[in-house]
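Raw final-v7.csv, CSV, C-alpha atoms:
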```csv
chain,number,residue,atom,x,y,z
A,1,MET,CA,137.0,144.7,99.3
A,2,SER,CA,135.3,141.3,99.6
A,3,TYR,CA,132.1,140.1,98.1
A,4,THR,CA,129.6,138.1,100.2
A,5,ARG,CA,129.8,134.3,99.8
A,6,ILE,CA,126.9,132.3,100.9
A,7,TYR,CA,125.0,129.1,100.1
A,8,LYS,CA,122.0,129.7,97.8
A,9,MET,CA,119.2,127.6,96.4
A,10,LEU,CA,119.8,126.4,92.9
A,11,CYS,CA,116.5,124.6,92.5
A,12,SER,CA,114.0,122.4,94.4
A,13,VAL,CA,112.1,119.3,93.3
A,14,SER,CA,109.0,117.9,95.1
A,15,CYS,CA,107.0,114.8,94.4
A,16,TYR,CA,103.3,115.0,95.4
A,17,HIS,CA,101.0,111.9,95.5
A,18,HIS,CA,97.3,112.7,95.9
A,19,TYR,CA,96.6,109.4,97.6
A,20,PHE,CA,98.8,110.4,100.6
A,21,LEU,CA,98.0,114.1,100.5
A,22,ASP,CA,94.3,114.7,99.6
A,23,ASP,CA,91.9,115.2,102.4
A,24,GLY,CA,89.1,112.8,101.4
A,25,THR,CA,87.7,114.2,98.2
A,26,THR,CA,89.4,117.6,98.7
A,27,PRO,CA,92.7,118.1,96.8
A,28,PHE,CA,95.5,118.8,99.2
A,29,ASP,CA,96.4,122.1,97.3
A,30,ASP,CA,92.8,123.4,97.4
A,31,SER,CA,94.1,126.0,99.8
A,32,GLU,CA,97.4,127.1,101.2
A,33,THR,CA,96.3,126.2,104.8
A,34,LEU,CA,95.2,122.7,103.8
A,35,GLN,CA,98.4,122.1,101.8
A,36,LYS,CA,100.6,123.0,104.8
A,37,GLN,CA,98.4,120.7,107.0
A,38,GLN,CA,98.6,117.7,104.7
A,39,LEU,CA,102.3,118.0,103.9
A,40,LYS,CA,103.0,117.5,107.6
A,41,LYS,CA,101.5,114.0,107.4
A,42,HIS,CA,103.6,112.6,104.6
A,43,SER,CA,107.0,111.8,103.3
A,44,ILE,CA,107.8,110.3,99.8
A,45,ALA,CA,109.9,107.7,101.6
A,46,GLU,CA,106.7,105.8,102.0
A,47,TYR,CA,106.8,104.8,98.4
A,48,LEU,CA,109.6,106.4,96.4
A,49,THR,CA,113.5,106.5,96.4
A,50,ILE,CA,115.5,109.2,94.6
A,51,ILE,CA,119.1,108.4,93.7
A,52,PRO,CA,121.5,110.6,91.8
A,53,THR,CA,123.4,108.9,89.0
A,54,LYS,CA,127.1,108.3,89.7
A,55,HIS,CA,128.0,110.9,87.0
A,56,THR,CA,125.6,113.4,88.8
A,57,ALA,CA,127.0,112.7,92.2
A,58,ASP,CA,130.5,113.4,90.9
A,59,PHE,CA,129.3,116.5,89.2
A,60,LEU,CA,127.7,117.8,92.4
A,61,ALA,CA,130.9,117.2,94.4
A,62,ARG,CA,133.1,118.9,91.8
A,63,ASN,CA,131.0,122.0,91.6
A,64,ARG,CA,130.3,122.3,95.3
A,65,ILE,CA,126.5,121.7,94.9
A,66,LEU,CA,124.9,120.1,97.9
A,67,LEU,CA,122.0,117.7,97.6
A,68,ARG,CA,119.7,118.3,100.5
A,69,PRO,CA,116.8,115.8,100.8
A,70,HIS,CA,113.5,117.1,102.2
A,71,PRO,CA,110.3,115.1,103.0
A,72,TYR,CA,108.9,115.4,99.4
A,73,GLY,CA,112.1,115.5,97.3
A,74,PHE,CA,115.3,117.4,97.4
A,75,HIS,CA,116.9,120.9,97.2
A,76,LEU,CA,120.1,121.6,95.3
A,77,VAL,CA,122.1,124.2,97.1
A,78,VAL,CA,125.2,125.9,95.7
A,79,LYS,CA,128.0,128.0,97.2
A,80,ALA,CA,127.6,131.4,95.6
A,81,LYS,CA,129.0,134.9,95.6
A,82,GLU,CA,127.6,138.3,94.8
A,83,THR,CA,128.4,139.6,91.3
A,84,ALA,CA,129.2,143.0,93.0
A,85,PRO,CA,129.1,144.3,96.6
A,86,ASP,CA,125.5,144.6,97.9
A,87,SER,CA,124.1,143.9,94.4
A,88,GLY,CA,121.8,141.1,95.7
A,89,VAL,CA,122.6,139.2,92.5
A,90,PHE,CA,124.5,135.9,93.0
A,91,GLU,CA,126.4,133.5,90.8
A,92,PRO,CA,127.8,130.1,91.6
A,93,LEU,CA,131.3,130.3,93.1
A,94,VAL,CA,132.4,127.5,90.7
A,95,PRO,CA,131.1,128.4,87.2
A,96,LEU,CA,128.6,125.8,86.1
A,97,PHE,CA,128.6,124.4,82.6
A,98,SER,CA,125.2,124.6,80.9
A,99,GLU,CA,125.5,121.5,78.7
A,100,GLU,CA,126.2,119.0,81.5
A,101,PRO,CA,122.9,117.5,82.7
A,102,MET,CA,122.1,116.2,86.2
A,103,ALA,CA,120.0,113.0,86.4
A,104,PHE,CA,118.3,111.4,89.3
A,105,PHE,CA,116.7,107.9,89.3
A,106,LEU,CA,113.2,107.4,90.8
A,107,GLN,CA,112.4,103.9,92.1
A,108,VAL,CA,109.1,102.8,93.6
A,109,HIS,CA,109.4,100.5,96.6
A,110,ASP,CA,105.8,100.2,97.8
A,111,PRO,CA,104.2,96.9,96.6
A,112,LEU,CA,100.8,98.6,96.7
A,113,PHE,CA,101.8,101.6,94.6
A,114,GLU,CA,99.9,100.4,91.5
A,115,ASN,CA,96.7,99.8,93.6
A,116,TYR,CA,96.4,103.5,94.6
A,117,SER,CA,98.1,105.2,91.6
A,118,THR,CA,97.0,105.8,88.0
A,119,VAL,CA,100.3,104.6,86.6
A,120,THR,CA,102.4,101.4,86.9
A,121,ALA,CA,105.3,101.1,89.2
A,122,THR,CA,107.5,99.5,86.5
A,123,PRO,CA,106.8,101.2,83.1
A,124,GLU,CA,108.4,99.7,80.1
A,125,VAL,CA,110.1,103.0,79.5
A,126,PRO,CA,110.7,105.2,82.7
A,127,PHE,CA,108.9,108.5,82.9
A,128,LEU,CA,111.1,111.5,82.0
A,129,PHE,CA,110.9,114.8,84.0
A,130,SER,CA,113.2,117.2,82.2
A,131,ASN,CA,113.7,120.9,81.4
A,132,THR,CA,115.2,119.9,78.1
A,133,LYS,CA,113.4,118.2,75.2
A,134,PRO,CA,115.2,115.1,73.7
A,135,PRO,CA,115.9,115.5,70.0
A,136,SER,CA,113.5,112.7,68.8
A,137,ALA,CA,110.7,113.7,71.2
A,138,GLY,CA,107.6,114.9,69.3
A,139,GLY,CA,105.4,118.0,69.8
A,140,SER,CA,103.5,116.3,72.6
A,141,PHE,CA,106.7,116.3,74.9
A,142,ARG,CA,105.9,117.6,78.3
A,143,TYR,CA,108.4,119.6,80.3
A,144,ILE,CA,108.7,119.0,84.0
A,145,ASN,CA,106.0,120.7,86.1
A,146,THR,CA,106.9,124.0,87.9
A,147,ASP,CA,105.1,125.1,91.0
A,148,GLN,CA,102.7,126.9,88.6
A,149,THR,CA,101.7,124.0,86.4
A,150,VAL,CA,99.8,120.8,87.1
A,151,TYR,CA,100.3,118.5,84.1
A,152,PRO,CA,99.1,114.9,84.8
A,153,ILE,CA,101.7,112.1,85.4
A,154,GLU,CA,100.6,110.2,82.2
A,155,ASP,CA,101.9,113.1,80.1
A,156,TYR,CA,105.5,112.1,81.0
A,157,ALA,CA,105.5,108.8,79.2
A,158,ILE,CA,108.1,108.8,76.5
A,159,SER,CA,109.6,106.6,73.8
A,160,ASP,CA,112.7,104.5,74.6
A,161,THR,CA,114.7,106.4,71.9
A,162,ALA,CA,113.9,109.8,73.5
A,163,PHE,CA,114.6,108.5,77.0
A,164,PHE,CA,118.0,107.2,76.2
A,165,GLU,CA,118.9,110.5,74.4
A,166,ALA,CA,118.3,112.1,77.8
A,167,TYR,CA,119.9,109.4,79.8
A,168,ASP,CA,123.0,109.2,77.6
A,169,ALA,CA,124.5,106.2,79.3
A,170,PRO,CA,124.5,102.4,78.6
A,171,PRO,CA,121.2,100.8,79.6
A,172,GLU,CA,123.0,98.2,81.8
A,173,LEU,CA,124.0,101.1,84.2
A,174,MET,CA,120.3,101.8,84.9
A,175,PRO,CA,119.0,100.3,88.1
A,176,GLN,CA,116.3,97.7,87.9
A,177,ARG,CA,112.7,98.5,88.4
A,178,MET,CA,113.2,102.1,87.5
A,179,TRP,CA,110.0,104.2,87.6
A,180,GLY,CA,111.3,107.6,86.3
A,181,MET,CA,114.2,110.0,85.9
A,182,ILE,CA,114.6,113.7,86.7
A,183,HIS,CA,116.9,115.3,84.2
A,184,LEU,CA,117.9,119.0,84.6
A,185,LYS,CA,120.4,121.2,82.8
A,186,MET,CA,121.6,124.6,84.0
A,187,LEU,CA,120.4,126.3,80.8
A,188,GLY,CA,117.6,124.1,79.6
A,189,ASP,CA,115.2,124.9,76.8
A,190,ASP,CA,113.4,128.3,76.7
A,191,THR,CA,109.9,127.1,77.8
A,192,THR,CA,108.3,130.5,78.4
A,193,GLY,CA,106.7,130.2,75.0
A,194,VAL,CA,105.2,126.9,75.9
A,195,ASP,CA,103.3,127.8,79.1
A,196,GLY,CA,104.8,131.0,80.3
A,197,GLN,CA,107.1,129.2,82.8
A,198,ALA,CA,110.9,129.4,82.7
A,199,ARG,CA,112.7,126.2,83.7
A,200,ASN,CA,116.4,127.2,83.5
A,201,LEU,CA,118.4,126.8,86.7
A,202,LEU,CA,120.5,129.8,85.8
A,203,THR,CA,119.8,133.1,84.0
A,204,PRO,CA,121.4,133.7,80.5
A,205,LEU,CA,124.1,135.6,82.4
A,206,HIS,CA,124.8,132.4,84.5
A,207,THR,CA,123.6,134.1,87.7
A,208,LEU,CA,121.2,132.3,90.1
A,209,ARG,CA,117.5,132.8,89.5
A,210,ASP,CA,115.6,134.6,92.3
A,211,PRO,CA,113.4,133.0,93.4
A,212,ALA,CA,115.0,129.6,92.6
A,213,PRO,CA,112.9,127.4,90.3
A,214,GLN,CA,110.7,124.9,92.0
A,215,PHE,CA,109.8,121.7,90.1
A,216,GLU,CA,107.0,119.3,90.9
A,217,ILE,CA,106.0,115.7,90.0
A,218,ARG,CA,102.3,115.1,90.5
A,219,ILE,CA,100.9,111.6,90.8
A,220,ALA,CA,97.1,111.1,90.8
A,221,ASN,CA,95.3,108.7,93.0
A,222,ARG,CA,93.3,105.8,91.6
A,223,HIS,CA,89.4,106.0,91.5
A,224,THR,CA,87.6,102.7,91.7
A,225,ILE,CA,84.1,101.2,91.8
A,226,TRP,CA,83.4,100.2,95.4
A,227,ASN,CA,81.8,96.8,95.9
A,228,TYR,CA,80.5,96.0,99.4
A,229,LYS,CA,80.4,92.3,100.2
A,230,SER,CA,79.2,90.3,103.2
A,231,ALA,CA,82.0,89.4,105.5
A,232,GLU,CA,80.1,86.2,106.3
A,233,ASP,CA,79.4,84.7,102.9
A,234,GLN,CA,81.0,87.1,100.4
A,235,ARG,CA,77.7,88.0,98.8
A,236,LEU,CA,77.6,91.3,96.9
A,237,LEU,CA,75.5,93.7,99.0
A,238,HIS,CA,75.9,96.9,97.1
A,239,SER,CA,78.0,98.4,94.3
A,240,SER,CA,78.8,102.1,93.5
A,241,ASP,CA,79.0,101.1,89.8
A,242,PRO,CA,79.1,103.1,87.5
A,243,THR,CA,80.3,105.7,90.0
A,244,THR,CA,84.0,105.6,90.9
A,245,LEU,CA,85.4,107.0,94.1
A,246,PRO,CA,89.0,108.1,95.1
A,247,LEU,CA,91.3,106.0,97.2
A,248,VAL,CA,93.0,108.2,99.9
A,249,LYS,CA,95.0,107.6,103.0
A,250,HIS,CA,93.6,110.6,105.0
A,251,GLY,CA,90.2,112.2,105.4
A,252,ILE,CA,86.7,110.9,104.7
A,253,VAL,CA,85.2,109.8,101.4
A,254,GLY,CA,81.6,109.5,102.5
A,255,TYR,CA,79.5,106.8,100.9
A,256,ASN,CA,76.0,105.7,102.0
A,257,PHE,CA,73.5,102.9,101.2
A,258,ASP,CA,70.7,101.4,103.2
A,259,GLY,CA,70.6,104.7,105.1
A,260,GLU,CA,74.0,104.1,106.7
A,261,GLU,CA,77.5,105.6,106.3
A,262,GLN,CA,79.7,102.9,105.0
A,263,PRO,CA,83.5,102.4,105.4
A,264,ALA,CA,85.8,103.6,102.7
A,265,ALA,CA,87.8,101.4,100.4
A,266,SER,CA,91.5,100.8,100.9
A,267,PRO,CA,94.2,99.8,98.3
A,268,ASN,CA,94.6,96.3,99.8
A,269,ARG,CA,91.7,94.6,97.9
A,270,LEU,CA,91.5,95.4,94.2
A,271,HIS,CA,89.8,93.5,91.4
A,272,PHE,CA,90.1,94.1,87.7
A,273,GLU,CA,87.4,93.2,85.2
A,274,LYS,CA,88.8,92.7,81.6
A,275,ASP,CA,87.3,92.4,78.2
A,276,GLY,CA,88.0,89.5,75.8
A,277,SER,CA,91.2,91.1,74.7
A,278,GLY,CA,92.6,91.5,78.2
A,279,ASN,CA,91.9,95.2,78.5
A,280,ILE,CA,90.9,96.5,81.9
A,281,ILE,CA,87.3,97.8,81.7
A,282,LYS,CA,86.6,98.2,85.4
A,283,THR,CA,88.7,98.6,88.6
A,284,ILE,CA,86.9,97.4,91.7
A,285,SER,CA,87.6,97.8,95.4
A,286,GLU,CA,86.2,95.1,97.6
A,287,ILE,CA,85.0,96.1,101.0
A,288,TYR,CA,83.8,93.5,103.4
A,289,ILE,CA,81.2,94.5,106.0
A,290,ASN,CA,79.1,92.7,108.6
```
Spell out the structure here as structure tokens.
Amino acid sequence: MSYTRIYKMLCSVSCYHHYFLDDGTTPFDDSETLQKQQLKKHSIAEYLTIIPTKHTADFLARNRILLRPHPYGFHLVVKAKETAPDSGVFEPLVPLFSEEPMAFFLQVHDPLFENYSTVTATPEVPFLFSNTKPPSAGGSFRYINTDQTVYPIEDYAISDTAFFEAYDAPPELMPQRMWGMIHLKMLGDDTTGVDGQARNLLTPLHTLRDPAPQFEIRIANRHTIWNYKSAEDQRLLHSSDPTTLPLVKHGIVGYNFDGEEQPAASPNRLHFEKDGSGNIIKTISEIYIN
């Protein structure tokens, strides 16, 4: 008697940036139809690189876990077997240790990233997206989004102490210009009491979850004041101030003045107004028109 052996999904991670995905002022996930349409237009390769740490690459190879990139992130696929014939319940062919984490570095490579995003490309401490809370992290710690949660990217800022508790390696081994880190354990924290969402990769019996967990990273697009200037002499012709409008790559963000539809702002021309202490009080997009 033989049990069925097959490759099964362990988990999936997707990065969604509203600048690339929204349709004008309509969020890309406003409907299932729109989401499918917008996702066909975009790949995270436009702005982000995902790299497993050396320890994680070794761990994946030892345990027959395949890293399968997709346009918005990656899947982890594991060779599995049924726990009993025709049971429909699968477990990894190679038993996976719950305490050994997997970590993936996130690096931003688009020089305009900060112009169209609400967060910096090089935070002092990288953002942490994890299914396990570091020991020193406070009550405000935010677990990685699932496909049922939409926590803002700013919630994933963390102290350097908590970050290195998760990273658990010498700082000199971290790549330069690191934006964030995905950090997953097979049996992470029980987060069902936090928001009703489980984030373990395996069940308490070490079988595969069905369906496999889907994690998400959501990055918001920047909203700016739109200043329209004369292309001839750079005079200010009109400002949307105090109204801010979203920067998007696709779709139409309609704006009118003088009875005419005007062109939308792009991330290329951005100006920051600061107070006497150097704090940004206004972010302005400059649009030159004839």
(message) As an exercise, work out the distance from CA of Ile289 in chain A to CA of Tyr116 in chain A in Å and give it to one decimal place.
(response)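 If I compute the distance from CA of Ile289 in chain A to CA of Tyr116 in chain A, I get 21.0 Å.
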(request) Record the distance separating CA of Glu216 in chain A and CA of Glu114 in chain A, expressed in Å with one decimal. (result) 20.2 Å
(request) Return the single residue from A:Thr224, A:Asn290, A:Asn279, A:Thr207 that is closest to Lys81 in chain A, with distances computed using all atoms listed in the file. (result) A:Thr207
(message) Residues within 12 Å of range 84-92 of chain A, please, as a ChimeraX atom specification. Count all atoms listed in the file; anything in the same chain fewer than 5 positions from it doesn't count.
(response) /A:1-10,63-65,77-79,97,186,201-212
(message) At a cut-off of 8 Å, using all atoms listed in the file, what residues contact range 136-142 of chain A? Leave out same-chain residues fewer than 5 positions from it and give the result as a VMD selection string.
(response) chain A and resid 155 to 156 158 to 159 161 to 162
Pull C-alpha atoms from the residues just selected and write them as a PDB file, in the coordinates of the input.
```
ATOM      1  CA  ASP A 155     101.900 113.100  80.100  1.00  0.00           C
ATOM      2  CA  TYR A 156     105.500 112.100  81.000  1.00  0.00           C
ATOM      3  CA  ILE A 158     108.100 108.800  76.500  1.00  0.00           C
ATOM      4  CA  SER A 159     109.600 106.600  73.800  1.00  0.00           C
ATOM      5  CA  THR A 161     114.700 106.400  71.900  1.00  0.00           C
ATOM      6  CA  ALA A 162     113.900 109.800  73.500  1.00  0.00           C
TER       7      ALA A 162
END
```
(message) Need the shell around Phe257 in chain A: protein/DNA/RNA residues with any atom at most 12 Å away, counting all atoms listed in the file. Skip same-chain ones fewer than 2 positions apart. Format as a PyMOL selection string?
(response) chain A and resi 226-228+237-240+254-255+259-263
(message) Calculated over only C-alpha atoms, which of the candidates A:Thr83, A:Thr122, A:Ser117, A:Gln214 has the smallest distance to Gln176 in chain A?
(response) A:Thr122
(message) as a list in words, please: the residues near Pro246 in chain A (cut-off 9 Å, only C-alpha atoms, same-chain neighbours under 4 positions excluded).
(response)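 Counting only C-alpha atoms, the residues come to Tyr19, Gly24, Thr25, Tyr116, Asn221, Arg222, His223, Thr224, Val253 and Ala265 of chain A.
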Starting from the sparse input, extend range 256-287 of chain A to N, CA and C atoms and give the output as a CSV table (one decimal), in the frame of the given file.
```csv
chain,number,residue,atom,x,y,z
A,256,ASN,N,77.1,106.2,101.3
A,256,ASN,CA,76.0,105.7,102.0
A,256,ASN,C,75.2,104.7,101.2
A,257,PHE,N,74.7,103.7,101.8
A,257,PHE,CA,73.5,102.9,101.2
A,257,PHE,C,72.8,102.3,102.4
A,258,ASP,N,71.5,101.9,102.2
A,258,ASP,CA,70.7,101.4,103.2
A,258,ASP,C,70.6,102.4,104.4
A,259,GLY,N,70.7,103.7,104.1
A,259,GLY,CA,70.6,104.7,105.1
A,259,GLY,C,71.7,104.8,106.1
A,260,GLU,N,72.9,104.1,105.8
A,260,GLU,CA,74.0,104.1,106.7
A,260,GLU,C,75.3,104.6,106.1
A,261,GLU,N,76.1,105.3,106.8
A,261,GLU,CA,77.5,105.6,106.3
A,261,GLU,C,78.3,104.4,106.3
A,262,GLN,N,79.0,104.1,105.2
A,262,GLN,CA,79.7,102.9,105.0
A,262,GLN,C,81.2,103.2,105.1
A,263,PRO,N,82.0,102.2,105.4
A,263,PRO,CA,83.5,102.4,105.4
A,263,PRO,C,84.1,102.6,104.0
A,264,ALA,N,85.2,103.3,104.0
A,264,ALA,CA,85.8,103.6,102.7
A,264,ALA,C,86.7,102.5,102.2
A,265,ALA,N,87.0,102.4,100.9
A,265,ALA,CA,87.8,101.4,100.4
A,265,ALA,C,89.3,101.7,100.7
A,266,SER,N,90.1,100.6,100.7
A,266,SER,CA,91.5,100.8,100.9
A,266,SER,C,92.2,100.1,99.7
A,267,PRO,N,93.5,100.4,99.5
A,267,PRO,CA,94.2,99.8,98.3
A,267,PRO,C,94.5,98.3,98.4
A,268,ASN,N,94.2,97.7,99.5
A,268,ASN,CA,94.6,96.3,99.8
A,268,ASN,C,93.8,95.3,98.9
A,269,ARG,N,92.5,95.6,98.7
A,269,ARG,CA,91.7,94.6,97.9
A,269,ARG,C,91.2,95.3,96.7
A,270,LEU,N,91.8,94.9,95.5
A,270,LEU,CA,91.5,95.4,94.2
A,270,LEU,C,91.2,94.3,93.3
A,271,HIS,N,90.2,94.5,92.4
A,271,HIS,CA,89.8,93.5,91.4
A,271,HIS,C,89.7,94.2,90.1
A,272,PHE,N,90.2,93.5,89.0
A,272,PHE,CA,90.1,94.1,87.7
A,272,PHE,C,89.2,93.3,86.8
A,273,GLU,N,88.2,93.9,86.2
A,273,GLU,CA,87.4,93.2,85.2
A,273,GLU,C,88.0,93.6,83.8
A,274,LYS,N,88.2,92.5,83.0
A,274,LYS,CA,88.8,92.7,81.6
A,274,LYS,C,87.8,92.2,80.5
A,275,ASP,N,88.0,92.8,79.3
A,275,ASP,CA,87.3,92.4,78.2
A,275,ASP,C,88.0,91.2,77.6
A,276,GLY,N,87.5,90.7,76.5
A,276,GLY,CA,88.0,89.5,75.8
A,276,GLY,C,89.4,89.6,75.3
A,277,SER,N,89.9,90.9,75.2
A,277,SER,CA,91.2,91.1,74.7
A,277,SER,C,92.2,91.4,75.8
A,278,GLY,N,91.7,91.3,77.0
A,278,GLY,CA,92.6,91.5,78.2
A,278,GLY,C,92.7,92.9,78.7
A,279,ASN,N,91.9,93.8,78.1
A,279,ASN,CA,91.9,95.2,78.5
A,279,ASN,C,91.1,95.5,79.7
A,280,ILE,N,91.6,96.2,80.7
A,280,ILE,CA,90.9,96.5,81.9
A,280,ILE,C,89.7,97.4,81.6
A,281,ILE,N,88.5,97.0,81.9
A,281,ILE,CA,87.3,97.8,81.7
A,281,ILE,C,86.7,98.4,83.0
A,282,LYS,N,87.0,97.7,84.1
A,282,LYS,CA,86.6,98.2,85.4
A,282,LYS,C,87.6,97.9,86.5
A,283,THR,N,87.8,98.8,87.4
A,283,THR,CA,88.7,98.6,88.6
A,283,THR,C,87.8,98.6,89.8
A,284,ILE,N,87.8,97.6,90.6
A,284,ILE,CA,86.9,97.4,91.7
A,284,ILE,C,87.6,97.2,93.0
A,285,SER,N,87.2,98.0,94.0
A,285,SER,CA,87.6,97.8,95.4
A,285,SER,C,86.6,97.0,96.1
A,286,GLU,N,87.1,96.0,96.8
A,286,GLU,CA,86.2,95.1,97.6
A,286,GLU,C,86.2,95.5,99.0
A,287,ILE,N,85.1,95.7,99.6
A,287,ILE,CA,85.0,96.1,101.0
A,287,ILE,C,84.1,95.2,101.7
```
